[in-house]
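As stored in protein_10.cif (mmCIF, C-alpha atoms):
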```
data_structure
loop_
_atom_site.label_atom_id
_atom_site.label_comp_id
_atom_site.auth_asym_id
_atom_site.auth_seq_id
_atom_site.Cartn_x
_atom_site.Cartn_y
_atom_site.Cartn_z
CA MET A 1 -39.34 25.85 -11.34
CA PRO A 2 -36.13 23.89 -11.84
CA GLU A 3 -37.17 20.70 -13.55
CA LEU A 4 -35.75 17.22 -13.18
CA PRO A 5 -32.65 17.63 -15.42
CA ASP A 6 -31.71 20.87 -13.63
CA LEU A 7 -32.25 19.41 -10.17
CA LEU A 8 -30.12 16.36 -10.90
CA HIS A 9 -27.26 18.46 -12.29
CA VAL A 10 -27.32 20.88 -9.34
CA ARG A 11 -27.50 17.97 -6.89
CA ASP A 12 -24.42 16.33 -8.37
CA ARG A 13 -22.37 19.55 -8.35
CA LEU A 14 -23.40 20.30 -4.76
CA ARG A 15 -22.31 16.83 -3.71
CA GLU A 16 -18.92 17.26 -5.35
CA ARG A 17 -18.18 20.63 -3.75
CA LEU A 18 -19.80 20.46 -0.34
CA VAL A 19 -20.28 16.96 1.10
CA GLY A 20 -17.93 16.47 4.04
CA ARG A 21 -17.53 20.18 4.71
CA SER A 22 -18.92 21.87 7.83
CA VAL A 23 -20.99 25.04 7.96
CA THR A 24 -18.86 27.83 9.42
CA ALA A 25 -21.25 30.77 8.95
CA GLU A 26 -24.74 31.65 7.75
CA ARG A 27 -26.35 34.85 6.61
CA VAL A 28 -30.01 35.67 5.90
CA ARG A 29 -31.20 38.60 3.81
CA GLU A 30 -34.71 37.47 2.84
CA PRO A 31 -36.25 35.54 5.75
CA VAL A 32 -39.59 35.14 3.97
CA VAL A 33 -38.27 32.05 2.14
CA LEU A 34 -37.30 30.27 5.38
CA ARG A 35 -39.55 28.02 7.45
CA PHE A 36 -38.53 26.26 10.64
CA ALA A 37 -40.05 23.05 12.01
CA VAL A 38 -37.46 22.95 14.80
CA ARG A 39 -36.76 25.37 17.64
CA GLY A 40 -34.15 27.82 16.40
CA ASN A 41 -33.02 29.24 13.07
CA LEU A 42 -30.44 28.71 10.34
CA SER A 43 -27.60 29.15 12.85
CA LEU A 44 -28.40 25.63 14.07
CA LEU A 45 -26.40 24.38 11.08
CA GLN A 46 -23.15 26.01 12.18
CA GLY A 47 -20.53 23.43 13.08
CA ARG A 48 -22.45 20.58 11.39
CA ALA A 49 -20.93 18.66 8.49
CA LEU A 50 -22.94 18.14 5.34
CA GLN A 51 -23.49 14.39 5.01
CA GLU A 52 -25.41 14.18 1.75
CA VAL A 53 -27.40 16.11 -0.85
CA PHE A 54 -30.33 14.34 -2.47
CA ARG A 55 -33.50 15.06 -4.37
CA LYS A 56 -36.92 14.38 -2.91
CA SER A 57 -39.61 15.28 -5.40
CA HIS A 58 -39.02 18.93 -6.42
CA PHE A 59 -36.90 19.63 -3.32
CA LEU A 60 -33.14 19.44 -2.87
CA VAL A 61 -32.36 18.17 0.61
CA PHE A 62 -29.14 19.00 2.47
CA ARG A 63 -28.65 16.38 5.18
CA PHE A 64 -26.77 17.20 8.38
CA ASP A 65 -26.51 15.30 11.64
CA GLY A 66 -30.01 15.59 13.08
CA LEU A 67 -31.25 18.22 10.62
CA ASP A 68 -32.38 18.45 7.00
CA LEU A 69 -32.52 21.68 5.00
CA ALA A 70 -35.05 21.04 2.21
CA ILE A 71 -35.24 23.69 -0.50
CA ASN A 72 -37.85 24.02 -3.23
CA PRO A 73 -36.54 26.71 -5.63
CA MET A 74 -39.92 26.99 -7.37
CA LEU A 75 -40.12 29.44 -10.29
CA ALA A 76 -37.05 31.65 -9.89
CA GLY A 77 -34.79 30.12 -7.25
CA ARG A 78 -31.15 29.38 -8.09
CA PHE A 79 -28.01 28.26 -6.29
CA ARG A 80 -24.57 29.75 -6.83
CA PHE A 81 -21.11 29.05 -5.46
CA ALA A 82 -19.26 32.18 -4.34
CA THR A 83 -16.07 33.18 -2.58
CA PRO A 84 -16.75 34.57 0.91
CA GLY A 85 -16.67 38.35 0.75
CA GLU A 86 -18.01 38.64 -2.81
CA LEU A 87 -20.51 41.42 -3.39
CA ASP A 88 -24.07 40.31 -2.60
CA GLU A 89 -26.55 39.92 -5.44
CA ARG A 90 -29.80 41.85 -5.18
CA SER A 91 -31.67 38.53 -5.38
CA LEU A 92 -29.72 36.96 -2.48
CA CYS A 93 -31.95 35.31 0.12
CA PHE A 94 -29.46 33.47 2.32
CA THR A 95 -26.00 31.92 2.31
CA LEU A 96 -24.23 29.05 3.99
CA GLU A 97 -20.45 29.21 4.25
CA PHE A 98 -18.64 25.89 4.25
CA GLY A 99 -15.13 25.49 5.65
CA PRO A 100 -12.17 24.19 3.66
CA ALA A 101 -12.21 20.53 4.78
CA THR A 102 -9.87 18.86 2.27
CA GLN A 103 -10.41 21.71 -0.21
CA PRO A 104 -8.03 24.66 -0.49
CA ALA A 105 -10.50 27.36 0.57
CA ALA A 106 -13.89 28.06 2.09
CA VAL A 107 -16.87 28.42 -0.23
CA GLU A 108 -20.26 30.08 0.08
CA LEU A 109 -23.41 28.48 -1.21
CA ARG A 110 -25.86 31.23 -2.08
CA TYR A 111 -29.59 30.82 -2.58
CA LEU A 112 -30.84 33.48 -5.02
CA ASP A 113 -34.48 34.21 -5.75
CA ASP A 114 -35.54 37.55 -7.19
CA LYS A 115 -39.20 36.73 -6.63
CA ALA A 116 -38.71 35.24 -3.13
CA MET A 117 -41.14 32.48 -4.09
CA GLY A 118 -38.95 29.52 -3.09
CA LYS A 119 -39.26 27.76 0.23
CA ALA A 120 -36.50 26.43 2.49
CA TYR A 121 -37.52 24.21 5.38
CA LEU A 122 -35.26 23.34 8.32
CA ILE A 123 -36.61 20.12 9.81
CA ALA A 124 -35.50 17.15 11.89
CA ASN A 125 -34.10 14.34 9.72
CA ASP A 126 -36.86 12.72 7.63
CA ASP A 127 -39.67 14.80 9.19
CA TRP A 128 -41.33 15.11 5.78
CA LYS A 129 -44.77 15.67 7.27
CA ALA A 130 -43.55 19.11 8.33
CA ILE A 131 -43.39 20.13 4.64
CA PRO A 132 -46.83 20.57 3.04
CA GLY A 133 -47.39 18.27 0.08
CA LEU A 134 -44.01 16.56 0.14
CA GLN A 135 -45.33 13.22 1.36
CA SER A 136 -47.61 12.95 -1.65
CA GLY A 137 -44.94 13.25 -4.34
CA GLY A 138 -45.53 11.55 -7.67
CA LEU A 139 -43.84 8.72 -9.52
CA ASP A 140 -40.21 9.24 -10.57
CA VAL A 141 -40.39 9.16 -14.36
CA LEU A 142 -36.79 7.92 -14.66
CA SER A 143 -37.18 5.08 -12.18
CA ALA A 144 -37.72 1.39 -12.91
CA GLU A 145 -41.20 1.72 -11.37
CA PHE A 146 -42.31 4.01 -14.19
CA THR A 147 -43.58 1.23 -16.44
CA ARG A 148 -45.96 1.48 -19.36
CA GLU A 149 -48.55 -0.57 -17.49
CA ARG A 150 -48.45 1.59 -14.37
CA PHE A 151 -48.59 4.80 -16.39
CA VAL A 152 -51.56 3.66 -18.49
CA SER A 153 -53.43 2.67 -15.33
CA GLN A 154 -52.71 6.07 -13.82
CA LEU A 155 -53.80 7.90 -16.96
CA ARG A 156 -57.14 6.10 -17.12
CA ARG A 157 -58.15 7.62 -13.78
CA ARG A 158 -57.58 11.20 -14.93
CA ARG A 159 -60.43 13.55 -15.89
CA ASP A 160 -58.33 16.58 -16.86
CA GLN A 161 -56.30 17.76 -19.84
CA VAL A 162 -53.09 15.92 -20.63
CA ARG A 163 -50.80 18.91 -19.97
CA VAL A 164 -52.40 19.47 -16.57
CA PHE A 165 -51.73 15.82 -15.77
CA LEU A 166 -48.06 16.10 -16.75
CA LEU A 167 -47.62 19.06 -14.39
CA ASP A 168 -49.33 17.39 -11.42
CA LYS A 169 -46.51 16.81 -8.89
CA LYS A 170 -48.71 14.34 -7.00
CA ALA A 171 -48.80 12.17 -10.11
CA LEU A 172 -45.43 12.59 -11.83
CA ASP A 173 -42.08 13.77 -10.49
CA SER A 174 -40.85 16.40 -11.60
CA ILE A 175 -42.04 17.88 -14.88
CA GLY A 176 -42.55 21.62 -15.41
CA ASN A 177 -43.74 23.86 -18.23
CA ALA A 178 -40.70 23.51 -20.48
CA TYR A 179 -40.54 19.73 -20.56
CA ALA A 180 -44.31 19.29 -20.64
CA ASP A 181 -44.26 21.08 -23.99
CA GLU A 182 -41.33 18.97 -25.22
CA ILE A 183 -42.99 15.72 -24.15
CA LEU A 184 -46.31 16.52 -25.84
CA PHE A 185 -44.48 17.54 -29.02
CA GLU A 186 -42.57 14.26 -29.01
CA ALA A 187 -45.81 12.34 -28.42
CA ARG A 188 -47.67 14.37 -31.09
CA LEU A 189 -50.45 15.30 -28.68
CA HIS A 190 -52.26 18.62 -28.43
CA PRO A 191 -51.88 20.13 -24.91
CA LYS A 192 -55.65 20.51 -24.50
CA THR A 193 -56.38 16.84 -25.22
CA TRP A 194 -58.47 15.23 -22.49
CA CYS A 195 -56.76 12.29 -20.82
CA ARG A 196 -59.92 10.19 -21.09
CA SER A 197 -59.86 10.56 -24.90
CA LEU A 198 -56.39 9.01 -25.29
CA SER A 199 -56.24 5.57 -26.86
CA HIS A 200 -54.01 2.84 -25.48
CA ASP A 201 -51.48 3.56 -28.24
CA ASP A 202 -51.59 7.27 -27.39
CA ALA A 203 -50.88 6.47 -23.75
CA ILE A 204 -47.94 4.22 -24.62
CA ARG A 205 -46.55 6.88 -26.94
CA LEU A 206 -46.89 9.50 -24.18
CA HIS A 207 -45.12 7.26 -21.67
CA ASP A 208 -42.25 6.63 -24.07
CA ALA A 209 -42.01 10.35 -24.88
CA ILE A 210 -41.68 11.18 -21.17
CA VAL A 211 -38.82 8.70 -20.76
CA SER A 212 -36.98 9.68 -23.94
CA VAL A 213 -37.32 13.47 -23.52
CA MET A 214 -36.36 13.50 -19.85
CA SER A 215 -33.48 11.03 -20.29
CA ALA A 216 -32.05 13.03 -23.19
CA ALA A 217 -32.38 16.30 -21.26
CA VAL A 218 -30.64 14.88 -18.19
CA ALA A 219 -27.74 13.74 -20.38
CA GLU A 220 -27.59 17.09 -22.21
CA VAL A 221 -27.58 19.21 -19.06
CA ALA A 222 -25.02 16.98 -17.37
CA GLY A 223 -22.81 16.93 -20.45
CA ARG A 224 -22.82 20.71 -20.81
CA ASP A 225 -21.86 21.03 -17.12
CA GLU A 226 -22.72 24.72 -16.85
CA PRO A 227 -22.47 26.57 -13.51
CA ILE A 228 -25.29 25.61 -11.19
CA GLU A 229 -27.03 28.99 -11.49
CA VAL A 230 -27.49 28.55 -15.27
CA LYS A 231 -30.83 27.18 -16.47
CA LEU A 232 -30.24 25.46 -19.82
CA ARG A 233 -33.11 25.69 -22.29
CA ASP A 234 -31.47 26.45 -25.64
CA PHE A 235 -31.57 22.82 -26.81
CA LEU A 236 -35.35 22.48 -26.43
CA LYS A 237 -37.33 22.02 -29.64
CA VAL A 238 -40.54 23.97 -29.07
CA ARG A 239 -40.56 25.85 -25.75
CA LEU A 240 -40.18 29.58 -26.46
CA LYS A 241 -39.39 28.79 -30.11
CA GLU A 242 -41.08 30.24 -33.23
CA LEU A 243 -41.04 27.49 -35.85
CA CYS A 244 -41.69 23.76 -35.69
CA PRO A 245 -38.43 21.82 -36.17
CA ASN A 246 -40.36 19.04 -37.97
CA CYS A 247 -42.60 20.81 -40.47
CA GLY A 248 -41.54 24.45 -40.29
CA ALA A 249 -45.01 25.68 -39.31
CA LYS A 250 -45.41 28.58 -36.90
CA LEU A 251 -45.66 27.33 -33.35
CA ARG A 252 -48.69 28.47 -31.34
CA THR A 253 -49.40 29.05 -27.68
CA ALA A 254 -52.53 27.99 -25.86
CA GLY A 255 -53.53 28.86 -22.32
CA VAL A 256 -53.82 25.81 -20.09
CA ARG A 257 -54.71 26.56 -16.49
CA GLY A 258 -53.23 30.05 -16.76
CA MET A 259 -49.94 28.93 -18.33
CA ASP A 260 -48.81 29.14 -21.95
CA ALA A 261 -48.32 25.84 -23.75
CA TYR A 262 -46.21 25.83 -26.93
CA PHE A 263 -47.20 23.38 -29.66
CA CYS A 264 -47.32 22.81 -33.42
CA PRO A 265 -50.91 22.89 -34.77
CA HIS A 266 -49.95 20.51 -37.61
CA CYS A 267 -47.81 17.96 -35.75
CA GLN A 268 -50.08 18.12 -32.68
CA PRO A 269 -53.60 18.51 -34.11
CA GLU A 270 -56.49 19.21 -31.77
CA THR A 271 -58.64 16.20 -30.95
CA ARG A 272 -61.90 17.99 -30.15
CA PRO A 273 -63.80 20.86 -31.79
CA GLY A 274 -63.20 24.27 -30.29
CA LEU A 275 -63.63 27.95 -30.90
CA VAL A 276 -60.10 28.37 -32.24
CA ASP A 277 -58.61 26.93 -35.43
CA TRP A 278 -54.99 26.68 -34.28
CA ARG A 279 -53.75 26.16 -37.84
CA LYS A 280 -54.93 29.62 -38.88
CA THR A 281 -54.61 31.86 -35.85
CA GLY A 282 -51.34 33.62 -35.03
CA LYS A 283 -51.77 33.00 -31.28
#
```
In structure tokens, what does this structure look like?
Amino acid sequence: MPELPDLLHVRDRLRERLVGRSVTAERVREPVVLRFAVRGNLSLLQGRALQEVFRKSHFLVFRFDGLDLAINPMLAGRFRFATPGELDERSLCFTLEFGPATQPAAVELRYLDDKAMGKAYLIANDDWKAIPGLQSGGLDVLSAEFTRERFVSQLRRRRDQVRVFLLDKKALDSIGNAYADEILFEARLHPKTWCRSLSHDDAIRLHDAIVSVMSAAVAEVAGRDEPIEVKLRDFLKVRLKELCPNCGAKLRTAGVRGMDAYFCPHCQPETRPGLVDWRKTGK
């Protein structure tokens, strides 16, 4: 899924290019990603001006007069600007064409998803109950409300592993696999550590790692200013890497709820006995 730094960068570029323009055409190639909580289809957007683009949890919301188009790109979804008439990508799901407004030419916004796993909901303005799970979004980790005290209180109620907690969208907004690994590496915590075993100092260190890692990533992605279809990951320290940048040890992967977690067995030692000695095994 696009994670918080990606979503914020894409949101800002969409605002710059599209707010104030009106939809002049729409085209659907993969209807499975579309869901409608209003009577009609995507053609309802034709003639409406885009008023705003904002993030709500792991969705990007396109606000029009009377209607919101809320898109969760999930694992493989991407947006791309195109010139009308360009050859369609094989992964194209749907497009919205926006008229020139004060810009010199029309532009297409394409939603691409080669797995067709994303979801795009057309709803009445603010009808969030029409989107399953969206009303129960977690705490924005870059907001002023994300305090040490509130985080520690939240962590004390958890009975699962710390990496599972980080990925819980009902608890924290919006961390995915890549940044969960980076945060745990920064906090020097093994991904299979149980939340209930964390000390107060561990919890504070984890909170501060979330803030520092996510803030730095937001600044890095924004500063690089790549096209909106590009997912930047080359600056990460451990995700999909081979060697620990701190000690040079071979990084390992552990399965956590069916997903691979990258970690350093020396910088992030396990906190409970298990069947695997992560310092010796090659996997």
Exercise. Given the file above and the PyMOL selection byres ((chain A and resi 73) around 10), which residues are selected, and can you give them as a ChimeraX atom specification?
Worked result: /A:1-3,7,33,58-60,70-72,74-79,111-113,116-120
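Our summary of the geometry notes that atom CA of Phe81 of chain A is positioned 7.9 Å from atom CA of Ile228 of chain A.
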Exercise. When the PyMOL selection byres ((chain A and resi 237) around 12) is applied to the file above, which residues end up in the set, as a list of chain:residue names?
Worked result: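 Given this file, the PyMOL selection byres ((chain A and resi 237) around 12) evaluates to A:Ala178, A:Tyr179, A:Ala180, A:Asp181, A:Glu182, A:Ile183, A:Leu184, A:Phe185, A:Glu186, A:Val213, A:Ala217, A:Arg233, A:Asp234, A:Phe235, A:Leu236, A:Val238, A:Arg239, A:Leu240, A:Lys241, A:Glu242, A:Leu243, A:Cys244, A:Pro245, A:Asn246, A:Gly248, A:Leu251, A:Tyr262, A:Phe263, A:Cys264.
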For this session: Quote the spacing between atom CA of Ala249 of chain A and atom CA of Leu206 of chain A in Å to one decimal place.
Result: 22.2 Å
Problem set entry | Target residues per the PyMOL selection byres ((chain A and resi 192) around 7), formatted as a VMD selection string | chain A and resid 161 to 163 190 to 191 193 to 194
Could you dump the residues just selected with C-alpha atoms as a tab-separated table (two decimals), in the coordinates of the input?
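The result, stored in selection-v6.tsv:
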```tsv
chain	number	residue	atom	x	y	z
A	161	GLN	CA	-56.30	17.76	-19.84
A	162	VAL	CA	-53.09	15.92	-20.63
A	163	ARG	CA	-50.80	18.91	-19.97
A	190	HIS	CA	-52.26	18.62	-28.43
A	191	PRO	CA	-51.88	20.13	-24.91
A	193	THR	CA	-56.38	16.84	-25.22
A	194	TRP	CA	-58.47	15.23	-22.49
```
Seminar exercise, completed: From the list A:Gly176, A:Gly40, A:Pro100, A:Gly138, the nearest residue to Ala124 of chain A using all atoms listed in the file is A:Gly40
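Among the candidate residues A:Val218, A:Ala187, A:Leu50, A:Cys267, the one lying nearest to Lys250 of chain A is A:Cys267, with distances computed using only C-alpha atoms.
Closest approach to Lys170 of chain A among A:Ser143, A:Asn41, A:Thr253, A:Ser57: A:Ser57, based on only C-alpha atoms.
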Problem set entry | Contacts of Arg159 of chain A within 12 Å, all atoms listed in the file, excl. fewer than 6 positions in-chain, as a list in words |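 Neighbouring residues, sequence-local ones excluded: Phe165, Thr193, Trp194, Cys195, Arg196, Ser197 and Leu198 of chain A.
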Problem set entry | Who sits within 10 Å of Leu8 of chain A, only C-alpha atoms, same chain under 3 positions skipped, as a list in words | Pro2, Glu3, Leu4, Pro5, Arg11, Asp12, Arg13, Leu14, Phe54, Arg55, Leu60, Val218, Val221 and Ala222 of chain A
For this session: Figure out the distance between atom CA of Gly66 of chain A and atom CA of Cys93 of chain A, please, to one decimal in Å.
Result: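 According to the coordinates, atom CA of Cys93 of chain A and atom CA of Gly66 of chain A are separated by 23.7 Å.
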For this session: Would you please work out which residue, of A:Ser215, A:Glu108, A:Thr83, A:Gln51, is nearest to Thr24 of chain A when using all atoms listed in the file?
Result: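 Once distances to Thr24 of chain A are computed over all atoms listed in the file, the minimum belongs to A:Glu108.
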Problem set entry | Among listed residues A:Leu172, A:Leu167, A:Val107, A:Leu134, nearest Arg150 of chain A (using all atoms listed in the file) | A:Leu172
Exercise. Leaving out Ala49 of chain A and any residue of its chain fewer than 6 positions from it, which residues lie within 7 Å of it when counting only C-alpha atoms, given as a ChimeraX atom specification?
Worked result: /A:20-23,64
For this session: Tell me which of A:Glu30, A:Val211, A:Asp68, A:Leu42 sits closest to Asn125 of chain A, counting all atoms listed in the file.
Result: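 Answer, going by the shortest atom-to-atom distance: A:Asp68.
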Requested file, segment 142-160 of chain A restricted to N, CA and C atoms, as a short mmCIF file (atom, residue, chain, number, x, y, z; two decimals), in the first residue's frame:
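Writing done, so here's part.cif:
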```cif
data_model
loop_
_atom_site.label_atom_id
_atom_site.label_comp_id
_atom_site.auth_asym_id
_atom_site.auth_seq_id
_atom_site.Cartn_x
_atom_site.Cartn_y
_atom_site.Cartn_z
N LEU A 142 1.64 11.94 12.76
CA LEU A 142 2.33 13.22 12.59
C LEU A 142 1.52 14.39 13.14
N SER A 143 0.45 14.09 13.84
CA SER A 143 -0.39 15.14 14.39
C SER A 143 0.04 15.50 15.81
N ALA A 144 -0.45 16.64 16.29
CA ALA A 144 -0.13 17.07 17.66
C ALA A 144 -0.76 16.14 18.69
N GLU A 145 -1.79 15.40 18.30
CA GLU A 145 -2.47 14.48 19.23
C GLU A 145 -1.65 13.23 19.51
N PHE A 146 -0.65 12.98 18.66
CA PHE A 146 0.15 11.77 18.84
C PHE A 146 1.25 12.04 19.88
N THR A 147 0.85 12.06 21.13
CA THR A 147 1.77 12.35 22.23
C THR A 147 2.34 11.06 22.80
N ARG A 148 3.43 11.19 23.52
CA ARG A 148 4.00 10.03 24.19
C ARG A 148 2.99 9.39 25.14
N GLU A 149 2.30 10.22 25.91
CA GLU A 149 1.37 9.71 26.91
C GLU A 149 0.23 8.93 26.26
N ARG A 150 -0.31 9.47 25.19
CA ARG A 150 -1.42 8.79 24.52
C ARG A 150 -0.96 7.49 23.88
N PHE A 151 0.24 7.50 23.31
CA PHE A 151 0.76 6.30 22.67
C PHE A 151 1.03 5.21 23.70
N VAL A 152 1.64 5.55 24.81
CA VAL A 152 1.93 4.56 25.85
C VAL A 152 0.65 3.95 26.37
N SER A 153 -0.37 4.76 26.58
CA SER A 153 -1.67 4.26 27.03
C SER A 153 -2.27 3.29 26.02
N GLN A 154 -2.15 3.63 24.75
CA GLN A 154 -2.66 2.77 23.69
C GLN A 154 -1.90 1.44 23.65
N LEU A 155 -0.60 1.51 23.81
CA LEU A 155 0.25 0.33 23.72
C LEU A 155 -0.04 -0.64 24.86
N ARG A 156 -0.35 -0.13 26.02
CA ARG A 156 -0.60 -0.99 27.19
C ARG A 156 -1.82 -1.89 26.99
N ARG A 157 -2.72 -1.49 26.13
CA ARG A 157 -3.94 -2.28 25.90
C ARG A 157 -3.76 -3.37 24.86
N ARG A 158 -2.60 -3.42 24.22
CA ARG A 158 -2.39 -4.37 23.14
C ARG A 158 -1.92 -5.72 23.66
N ARG A 159 -2.37 -6.79 23.01
CA ARG A 159 -1.99 -8.15 23.38
C ARG A 159 -1.38 -8.89 22.18
N ASP A 160 -0.85 -8.13 21.22
CA ASP A 160 -0.27 -8.73 20.02
C ASP A 160 1.19 -8.33 19.89
#
```
